[in-house]
Amino acid sequence: MKALIIGGAGFVGYYLTDHLLNDCGWSVAVTKLENEIIEQDNISIYDLDILDKKAIFAILNEVHPDYIFHLAAQSSVSLSWKNPALTIDVNIKGCVNVLDAVKELDYKPRILLIGSGEEYGYVLPDEIPINENNHVRPGNIYAATKACQNMIGKIYSDAYQMDIIMVRAFNHIGPRQSPMFVVADFCKQVAEIEKGLREPVIRVGNLDVKRDFTDVRDVVRAYSLLIQKGHASETYNVGCGNAISIKEILQRILTHTKVNIKVDVDRYKLRPVDIPLIEADIRKLHDCTAWNGIINLDRTILDTLEYWRSLLL
Ligand code: A2R
């Protein structure tokens, strides 16, 4: 099988590339932005900005993939508040460019569009755990663009008989994640404190919200299973199915350090709107693929902490 990962230089792209190459034994082509660096071996690498539809079409014709994983995105919620226009351009127009380019091909590769659990937004207490038929009530700009991507994916799949599967991925975490995201941010701060690079105070945002966290290495296994076994035009939640508070995550991180660290709420880390509880119903994913997460949260936290410590050696 030949896979094309669009937006492969990011956090998920690294692990997906590794998994498809080494566990699935597929050949892998990856796109990245011109200024990004990919150091993985045995893959073909192409520069691509998804705002350039002609360039997408040229790469598709050269690679001729069986499977396309669309990861390219402006993926930060906080940046989406600061730069909504960019988020809309990349996440909506960019996705339409990918779909239009695929539509012009003389064959039908399978496409996995990666959306987000954030799409569900303001979830009511009796809607937890959230299944794929739930209303989407996005609470931030990033979530709105991903909800839009999901709708457009379904419309293209139905209207043009394209083979498109949609995912709503809940929070995924692990080594190499940008410190724009909460677990990486906490682990980086702890590693810097241990190294004496900052005072022993960890700065946090809203600790009360609960999110559904899954190790990125489990997430990419779900993606490869879904692109093989998922049904066109359908949406699948990908998550672990159990929400945990940010406070609990922080406490678990702090059990792995010998330094006595004070916790301080930083108002710059608070978001304009925060949804209190997001938790996935993952029965549809499980029924379709038999996927289960196999890496537990403490393993993920420790690996992430070790990653940040290793960067400071
Ligand atoms: O924003 P950058 O410079 O880190 O680049 C990101 C890249 N990207 C683009 N690629 C092509 N054309 C564009 N116009 C464009 N704008 C941004 O997509 C980055 O290298 C990649 C997405 O990777 P991450 O931001 O690290 O996201 P992650 O965690 O790998 O998530 C993958 C997917 C995304 O669609 C998320 O929204 C979803 O999973 O949760």
# chains A, B, ... in the order shown; residues from 1 in each chain; ligands from 1
>>> residues_around(residues="A:Val136", least_positions_apart="6", cutoff="8 Å", atoms="only C-alpha atoms", output="number ranges by chain")
A: 119-122, 147
>>> residues_near_ligand(ligand="ligand 1", cutoff="6 Å", atoms="only C-alpha atoms and all ligand atoms", output="list in words")
Gly7, Ala9, Gly10, Phe11, Val12, Gly13, Lys32, Leu33, Leu48, Asp49, Ile50, Leu51, Leu71, Ala72, Ala73, Gln74, Ser75, Val90, Ile114, Gly115, Ser116 and Ala169 of chain A
>>> write_last_selection(atoms="C-alpha atoms", output="CSV table (one decimal), in the first residue's frame")
chain,number,residue,atom,x,y,z
A,7,GLY,CA,1.0,17.8,6.8
A,9,ALA,CA,6.0,17.4,9.7
A,10,GLY,CA,3.8,17.9,12.7
A,11,PHE,CA,3.3,16.1,16.0
A,12,VAL,CA,1.0,13.4,14.7
A,13,GLY,CA,2.7,13.1,11.3
A,32,LYS,CA,5.6,19.5,4.7
A,33,LEU,CA,5.8,23.3,4.6
A,48,LEU,CA,3.5,21.7,-0.1
A,49,ASP,CA,1.3,24.6,1.1
A,50,ILE,CA,-2.3,23.3,0.9
A,51,LEU,CA,-3.5,26.7,-0.1
A,71,LEU,CA,-3.3,16.2,8.9
A,72,ALA,CA,-2.3,19.6,7.6
A,73,ALA,CA,-3.9,22.2,9.8
A,74,GLN,CA,-3.6,25.3,12.0
A,75,SER,CA,-4.1,23.1,15.0
A,90,VAL,CA,-5.8,26.5,6.2
A,114,ILE,CA,-8.7,14.5,10.8
A,115,GLY,CA,-11.1,16.6,12.8
A,116,SER,CA,-11.4,17.2,16.5
A,169,ALA,CA,-9.8,13.1,17.4
>>> closest_residue(among="A:Val204, A:Ile227, A:Val209, A:Leu16", to="A:Arg267", atoms="only C-alpha atoms")
A:Val204
>>> closest_residue(among="A:Thr145, A:Asn237, A:Asn242, A:Asn42", to="A:Ala222", atoms="only C-alpha atoms")
A:Asn237
>>> select_by_dssp(residues="stretch 18-203 of chain A", states="alpha helix (DSSP H)", output="ChimeraX atom specification")
/A:18-19,53-63,77-82,84-88,94-103,141-159,182-194
>>> residues_around(residues="A:Thr235", least_positions_apart="6", cutoff="8 Å", atoms="only C-alpha atoms", output="PyMOL selection string")
chain A and resi 132+150+165-168
>>> closest_residue(among="A:Asn140, A:Leu99, A:Ile278, A:Asp303", to="A:Lys82", atoms="only C-alpha atoms")
A:Asn140
>>> residues_around(residues="A:Asn61", least_positions_apart="5", cutoff="12 Å", atoms="only C-alpha atoms", output="list in words")
Leu4, Lys54, Ala55, Ile56, Asp66, Ala101, Val102, Lys103, Glu104, Leu105, Asp106, Tyr107 and Pro109 of chain A
>>> residues_around(residues="A:His172", least_positions_apart="6", cutoff="9 Å", atoms="only C-alpha atoms", output="NGL selection string")
:A and (12 or 212-219 or 239)
>>> write_last_selection(atoms="N, CA and C atoms", output="mmCIF file, in the first residue's frame")
data_model
loop_
_atom_site.group_PDB
_atom_site.id
_atom_site.type_symbol
_atom_site.label_atom_id
_atom_site.label_comp_id
_atom_site.auth_asym_id
_atom_site.auth_seq_id
_atom_site.Cartn_x
_atom_site.Cartn_y
_atom_site.Cartn_z
ATOM 1 N N VAL A 12 1.601 14.638 15.030
ATOM 2 C CA VAL A 12 1.000 13.353 14.677
ATOM 3 C C VAL A 12 1.712 12.739 13.474
ATOM 4 N N ASP A 212 -10.421 14.181 27.300
ATOM 5 C CA ASP A 212 -10.229 12.759 27.012
ATOM 6 C C ASP A 212 -8.857 12.619 26.330
ATOM 7 N N PHE A 213 -7.842 12.168 27.084
ATOM 8 C CA PHE A 213 -6.456 12.141 26.585
ATOM 9 C C PHE A 213 -6.060 10.741 26.106
ATOM 10 N N THR A 214 -5.443 10.675 24.942
ATOM 11 C CA THR A 214 -4.952 9.392 24.402
ATOM 12 C C THR A 214 -3.514 9.578 23.934
ATOM 13 N N ASP A 215 -2.699 8.553 24.123
ATOM 14 C CA ASP A 215 -1.316 8.602 23.639
ATOM 15 C C ASP A 215 -1.318 8.674 22.111
ATOM 16 N N VAL A 216 -0.515 9.564 21.566
ATOM 17 C CA VAL A 216 -0.464 9.757 20.113
ATOM 18 C C VAL A 216 -0.111 8.458 19.376
ATOM 19 N N ARG A 217 0.646 7.579 20.020
ATOM 20 C CA ARG A 217 1.028 6.323 19.359
ATOM 21 C C ARG A 217 -0.173 5.393 19.217
ATOM 22 N N ASP A 218 -1.121 5.501 20.150
ATOM 23 C CA ASP A 218 -2.387 4.771 20.005
ATOM 24 C C ASP A 218 -3.285 5.436 18.962
ATOM 25 N N VAL A 219 -3.261 6.765 18.929
ATOM 26 C CA VAL A 219 -4.106 7.505 17.980
ATOM 27 C C VAL A 219 -3.754 7.123 16.539
ATOM 28 N N GLY A 239 -10.591 8.466 20.677
ATOM 29 C CA GLY A 239 -10.224 8.940 22.010
ATOM 30 C C GLY A 239 -10.122 7.748 22.925
#
>>> residues_around(residues="A:Cys187", least_positions_apart="5", cutoff="9 Å", atoms="only C-alpha atoms", output="ChimeraX atom specification")
/A:179,182,192,250,253-254,301-302,304-309
>>> residues_around(residues="A:Tyr142", least_positions_apart="6", cutoff="8 Å", atoms="only C-alpha atoms", output="list in words")
Gln74, Ser75, Ser76, Val77, Ser80, Trp81, Pro84, Thr87 and Ile88 of chain A
>>> closest_residue(among="A:Lys146, A:His256, A:Arg176, A:His286", to="A:Cys95", atoms="only C-alpha atoms")
A:Lys146
>>> atom_distance(atom1="atom CA of A:Gln228", atom2="atom CA of A:Met162")
15.0 Å
>>> atom_distance(atom1="atom CA of A:Leu207", atom2="atom CA of A:Asp264")
10.7 Å
>>> atom_distance(atom1="atom CA of A:Gly139", atom2="atom CA of A:Ala159")
28.6 Å
>>> closest_residue(among="A:Pro276, A:Leu297, A:Lys108, A:Val265", to="A:Ile128", atoms="only C-alpha atoms")
A:Pro276
>>> select_by_dssp(residues="stretch 155-191 of chain A", states="strand (DSSP E or B)", output="ChimeraX atom specification")
/A:164-169,172-173
